[in-house]
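Coordinates from input-v3.pdb are shown below (PDB, C-alpha atoms).
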```pdb
MODEL        1
ATOM      1  CA  MET O   1       9.563 120.545  59.244  1.00  0.00           C
ATOM      2  CA  SER O   2      11.243 117.140  59.119  1.00  0.00           C
ATOM      3  CA  PRO O   3      10.293 114.419  61.603  1.00  0.00           C
ATOM      4  CA  ARG O   4      12.725 113.448  64.358  1.00  0.00           C
ATOM      5  CA  VAL O   5      15.188 110.701  63.599  1.00  0.00           C
ATOM      6  CA  ASN O   6      14.780 107.524  65.653  1.00  0.00           C
ATOM      7  CA  PRO O   7      18.220 106.619  67.029  1.00  0.00           C
ATOM      8  CA  PHE O   8      17.191 102.978  67.545  1.00  0.00           C
ATOM      9  CA  ALA O   9      15.802 102.417  64.029  1.00  0.00           C
ATOM     10  CA  ASN O  10      18.943 100.564  62.851  1.00  0.00           C
ATOM     11  CA  LEU O  11      18.979  98.212  65.824  1.00  0.00           C
ATOM     12  CA  ALA O  12      17.190  94.899  65.337  1.00  0.00           C
ATOM     13  CA  GLU O  13      17.611  93.884  68.953  1.00  0.00           C
ATOM     14  CA  PRO O  14      18.518  96.017  71.972  1.00  0.00           C
ATOM     15  CA  PRO O  15      22.026  95.535  73.334  1.00  0.00           C
ATOM     16  CA  VAL O  16      22.485  92.924  76.048  1.00  0.00           C
ATOM     17  CA  PHE O  17      24.140  94.058  79.221  1.00  0.00           C
ATOM     18  CA  THR O  18      25.497  91.476  81.628  1.00  0.00           C
ATOM     19  CA  THR O  19      26.721  91.809  85.173  1.00  0.00           C
ATOM     20  CA  LYS O  20      30.410  91.762  85.895  1.00  0.00           C
ATOM     21  CA  PRO O  21      31.769  88.583  87.408  1.00  0.00           C
ATOM     22  CA  LYS O  22      32.315  88.733  91.166  1.00  0.00           C
ATOM     23  CA  THR O  23      35.876  89.385  92.203  1.00  0.00           C
ATOM     24  CA  GLU O  24      37.534  87.365  94.926  1.00  0.00           C
ATOM     25  CA  LYS O  25      37.007  88.668  98.424  1.00  0.00           C
ATOM     26  CA  PRO O  26      40.145  90.204  99.920  1.00  0.00           C
ATOM     27  CA  VAL O  27      41.849  88.438 102.799  1.00  0.00           C
ATOM     28  CA  GLN O  28      40.587  89.512 106.216  1.00  0.00           C
ATOM     29  CA  THR O  29      42.872  91.949 108.056  1.00  0.00           C
ATOM     30  CA  ASP O  30      42.930  89.821 111.199  1.00  0.00           C
ATOM     31  CA  THR O  31      44.259  86.918 109.103  1.00  0.00           C
ATOM     32  CA  ILE O  32      47.002  89.136 107.703  1.00  0.00           C
ATOM     33  CA  GLU O  33      47.917  90.345 111.190  1.00  0.00           C
ATOM     34  CA  ARG O  34      48.021  86.774 112.526  1.00  0.00           C
ATOM     35  CA  ILE O  35      50.308  85.634 109.680  1.00  0.00           C
ATOM     36  CA  ALA O  36      52.554  88.674 110.169  1.00  0.00           C
ATOM     37  CA  GLU O  37      52.856  87.929 113.889  1.00  0.00           C
ATOM     38  CA  GLU O  38      53.651  84.276 113.252  1.00  0.00           C
ATOM     39  CA  ASN O  39      56.473  85.268 110.859  1.00  0.00           C
ATOM     40  CA  ASN O  40      57.807  88.134 113.039  1.00  0.00           C
ATOM     41  CA  PHE O  41      57.100  90.899 110.521  1.00  0.00           C
ATOM     42  CA  PRO O  42      57.483  94.373 112.095  1.00  0.00           C
ATOM     43  CA  SER O  43      54.499  96.708 112.005  1.00  0.00           C
ATOM     44  CA  ARG O  44      54.708  99.894 109.948  1.00  0.00           C
ATOM     45  CA  GLN O  45      52.084 101.587 112.069  1.00  0.00           C
ATOM     46  CA  ALA O  46      53.398 104.278 114.362  1.00  0.00           C
ATOM     47  CA  ALA O  47      53.083 103.481 118.036  1.00  0.00           C
ATOM     48  CA  LYS O  48      50.371 105.502 119.750  1.00  0.00           C
ATOM     49  CA  PRO O  49      51.730 107.931 122.339  1.00  0.00           C
ATOM     50  CA  PRO O  50      50.417 107.335 125.858  1.00  0.00           C
ATOM     51  CA  LYS O  51      47.523 109.608 126.753  1.00  0.00           C
ATOM     52  CA  GLU O  52      47.927 111.969 129.664  1.00  0.00           C
ATOM     53  CA  PRO O  53      45.477 111.258 132.461  1.00  0.00           C
ATOM     54  CA  ARG O  54      42.610 113.722 132.556  1.00  0.00           C
ATOM     55  CA  ARG O  55      42.045 115.820 135.627  1.00  0.00           C
ATOM     56  CA  LYS O  56      38.836 115.574 137.555  1.00  0.00           C
ATOM     57  CA  ARG O  57      36.447 118.292 136.437  1.00  0.00           C
ATOM     58  CA  ARG O  58      36.155 121.253 138.787  1.00  0.00           C
ATOM     59  CA  VAL O  59      32.725 122.748 139.275  1.00  0.00           C
ATOM     60  CA  TYR O  60      32.397 125.721 141.573  1.00  0.00           C
ATOM     61  CA  THR O  61      29.701 128.383 141.699  1.00  0.00           C
ATOM     62  CA  THR O  62      31.765 131.483 142.379  1.00  0.00           C
ATOM     63  CA  GLY O  63      30.120 134.321 140.490  1.00  0.00           C
ATOM     64  CA  ARG O  64      33.289 134.843 138.463  1.00  0.00           C
ATOM     65  CA  ASN O  65      32.432 135.252 134.804  1.00  0.00           C
ATOM     66  CA  ARG O  66      35.601 136.522 133.087  1.00  0.00           C
ATOM     67  CA  GLN O  67      38.078 134.258 131.297  1.00  0.00           C
ATOM     68  CA  PHE O  68      41.811 134.627 131.966  1.00  0.00           C
ATOM     69  CA  ASN O  69      44.181 132.542 129.809  1.00  0.00           C
ATOM     70  CA  VAL O  70      47.879 132.238 130.536  1.00  0.00           C
ATOM     71  CA  LYS O  71      50.610 130.283 128.751  1.00  0.00           C
ATOM     72  CA  ALA O  72      52.824 128.348 131.144  1.00  0.00           C
ATOM     73  CA  THR O  73      55.078 125.318 131.234  1.00  0.00           C
ATOM     74  CA  ALA O  74      53.581 121.920 132.032  1.00  0.00           C
ATOM     75  CA  GLU O  75      55.403 121.923 135.375  1.00  0.00           C
ATOM     76  CA  THR O  76      53.934 125.301 136.343  1.00  0.00           C
ATOM     77  CA  VAL O  77      50.403 124.208 135.417  1.00  0.00           C
ATOM     78  CA  GLU O  78      50.746 120.983 137.408  1.00  0.00           C
ATOM     79  CA  ARG O  79      52.135 122.921 140.362  1.00  0.00           C
ATOM     80  CA  PHE O  80      49.221 125.386 140.199  1.00  0.00           C
ATOM     81  CA  TYR O  81      46.626 122.589 140.107  1.00  0.00           C
ATOM     82  CA  LYS O  82      48.407 120.735 142.924  1.00  0.00           C
ATOM     83  CA  MET O  83      48.374 123.852 145.130  1.00  0.00           C
ATOM     84  CA  ALA O  84      44.669 124.425 144.424  1.00  0.00           C
ATOM     85  CA  ASP O  85      43.889 120.782 145.212  1.00  0.00           C
ATOM     86  CA  GLU O  86      45.852 120.872 148.468  1.00  0.00           C
ATOM     87  CA  ARG O  87      44.009 124.000 149.607  1.00  0.00           C
ATOM     88  CA  ARG O  88      40.662 122.768 148.197  1.00  0.00           C
ATOM     89  CA  VAL O  89      39.977 126.088 146.494  1.00  0.00           C
ATOM     90  CA  PRO O  90      39.013 127.005 142.921  1.00  0.00           C
ATOM     91  CA  LEU O  91      41.844 128.020 140.623  1.00  0.00           C
ATOM     92  CA  CYS O  92      40.803 131.674 140.660  1.00  0.00           C
ATOM     93  CA  GLU O  93      40.764 131.698 144.453  1.00  0.00           C
ATOM     94  CA  LEU O  94      44.377 130.464 144.448  1.00  0.00           C
ATOM     95  CA  LEU O  95      45.277 133.191 141.948  1.00  0.00           C
ATOM     96  CA  GLU O  96      43.611 135.798 144.161  1.00  0.00           C
ATOM     97  CA  GLN O  97      45.506 134.506 147.212  1.00  0.00           C
ATOM     98  CA  ALA O  98      48.802 134.691 145.297  1.00  0.00           C
ATOM     99  CA  LEU O  99      48.049 138.233 144.100  1.00  0.00           C
ATOM    100  CA  ASP O 100      47.119 139.306 147.636  1.00  0.00           C
ATOM    101  CA  ALA O 101      50.367 137.781 148.957  1.00  0.00           C
ATOM    102  CA  LEU O 102      52.365 139.605 146.277  1.00  0.00           C
ATOM    103  CA  ASP O 103      50.668 142.902 147.074  1.00  0.00           C
ATOM    104  CA  GLY O 104      51.450 142.465 150.761  1.00  0.00           C
ATOM    105  CA  ALA O 105      55.063 141.424 150.200  1.00  0.00           C
ATOM    106  CA  GLY O 106      56.191 143.677 147.381  1.00  0.00           C
ATOM    107  CA  GLY O 107      54.325 146.940 147.650  1.00  0.00           C
ATOM    108  CA  SER O 108      53.649 148.635 144.316  1.00  0.00           C
ATOM    109  CA  SER O 109      56.643 147.225 142.428  1.00  0.00           C
ATOM    110  CA  ILE O 110      55.544 145.475 139.234  1.00  0.00           C
ATOM    111  CA  HIS O 111      58.666 143.388 138.561  1.00  0.00           C
ATOM    112  CA  HIS O 112      59.235 140.538 141.002  1.00  0.00           C
ATOM    113  CA  SER O 113      61.698 137.713 140.697  1.00  0.00           C
ATOM    114  CA  LYS O 114      60.679 134.070 140.938  1.00  0.00           C
ATOM    115  CA  ALA O 115      62.361 133.869 144.333  1.00  0.00           C
ATOM    116  CA  ALA O 116      60.273 136.789 145.604  1.00  0.00           C
ATOM    117  CA  LEU O 117      57.118 135.146 144.246  1.00  0.00           C
ATOM    118  CA  ARG O 118      57.917 131.867 145.973  1.00  0.00           C
ATOM    119  CA  ALA O 119      58.687 133.652 149.215  1.00  0.00           C
ATOM    120  CA  ALA O 120      55.394 135.557 149.054  1.00  0.00           C
ATOM    121  CA  LEU O 121      53.217 132.484 148.499  1.00  0.00           C
ATOM    122  CA  PRO O 122      52.280 130.374 151.514  1.00  0.00           C
ATOM    123  CA  SER O 123      54.231 127.115 151.549  1.00  0.00           C
ATOM    124  CA  SER O 124      52.451 124.012 150.220  1.00  0.00           C
ATOM    125  CA  THR O 125      53.770 121.720 152.982  1.00  0.00           C
TER     126      THR O 125
ENDMDL
END
```

Would you mind giving the structure from this file in structure tokens?
Amino acid sequence: MSPRVNPFANLAEPPVFTTKPKTEKPVQTDTIERIAEENNFPSRQAAKPPKEPRRKRRVYTTGRNRQFNVKATAETVERFYKMADERRVPLCELLEQALDALDGAGGSSIHHSKAALRAALPSST
């Protein structure tokens, strides 16, 4: 069996490795923004849309444990929350009141118009 070949046998001295020279530090972003403002350059950043105010969290112990999701317009959702706030009841309680009013006003008919729904609900004022 032949002995292993030494890969460094031909090298008289090991190679010398040096560090790279330091590059210039980039200009600070606040400096760039200040210069841009001074020269009236427009920003390319998109304007942030205004955030909608968050509602106060509702915490009620009601014993209700089933989720019920409904898609609605923003106006309908706001109207629903406003009615619940005015009556100081949980959202499900308002839904139950509306269903009870519909049952009392319409009998067993499933299809009701918006006008019939509004007439069946107690007025908010």

For a quick check of understanding, using all atoms listed in the file, which of O:Glu96, O:Thr23, O:Pro15, O:Phe8 has the smallest distance to O:Arg64? O:Glu96

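Atom pair atom CA of O:Pro90 / atom CA of O:Arg57: separated by 11.2 Å.
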
Please report the interatomic distance between atom CA of O:Leu94 and atom CA of O:Arg58 in Å with one decimal. 13.6 Å

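In this structure, atom CA of O:Val89 sits 26.8 Å away from atom CA of O:Lys51.
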
Using 5 Å of padding on each side, determine the axis-aligned box around all atoms of stretch 12-15 of chain O present in the file and give its centre and edge lengths in Å to one decimal, as AutoDock Vina command-line options.
```
--center_x 19.6 --center_y 95.0 --center_z 69.3 --size_x 14.8 --size_y 12.1 --size_z 18.0
```

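If you measure from each of O:Gln45, O:Asn6, O:Gln67, O:Thr62 to O:Glu93 using only C-alpha atoms, the closest one turns out to be O:Thr62.
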
With stretch 52-56 of chain O as the partner and 12 Å as the cut-off, tabulate the residues of stretch 70-110 of chain O that qualify, each row holding the nearest pair of atoms and their distance in Å to one decimal, using all atoms listed in the file, sorted by chain and rising number, as CSV.
```
residue,atom,partner,partner_atom,distance
O:Ala74,CA,O:Glu52,CA,11.7
O:Val77,CA,O:Arg55,CA,11.8
O:Glu78,CA,O:Arg55,CA,10.3
O:Tyr81,CA,O:Arg55,CA,9.3
O:Lys82,CA,O:Arg55,CA,10.9
O:Asp85,CA,O:Lys56,CA,10.5
```
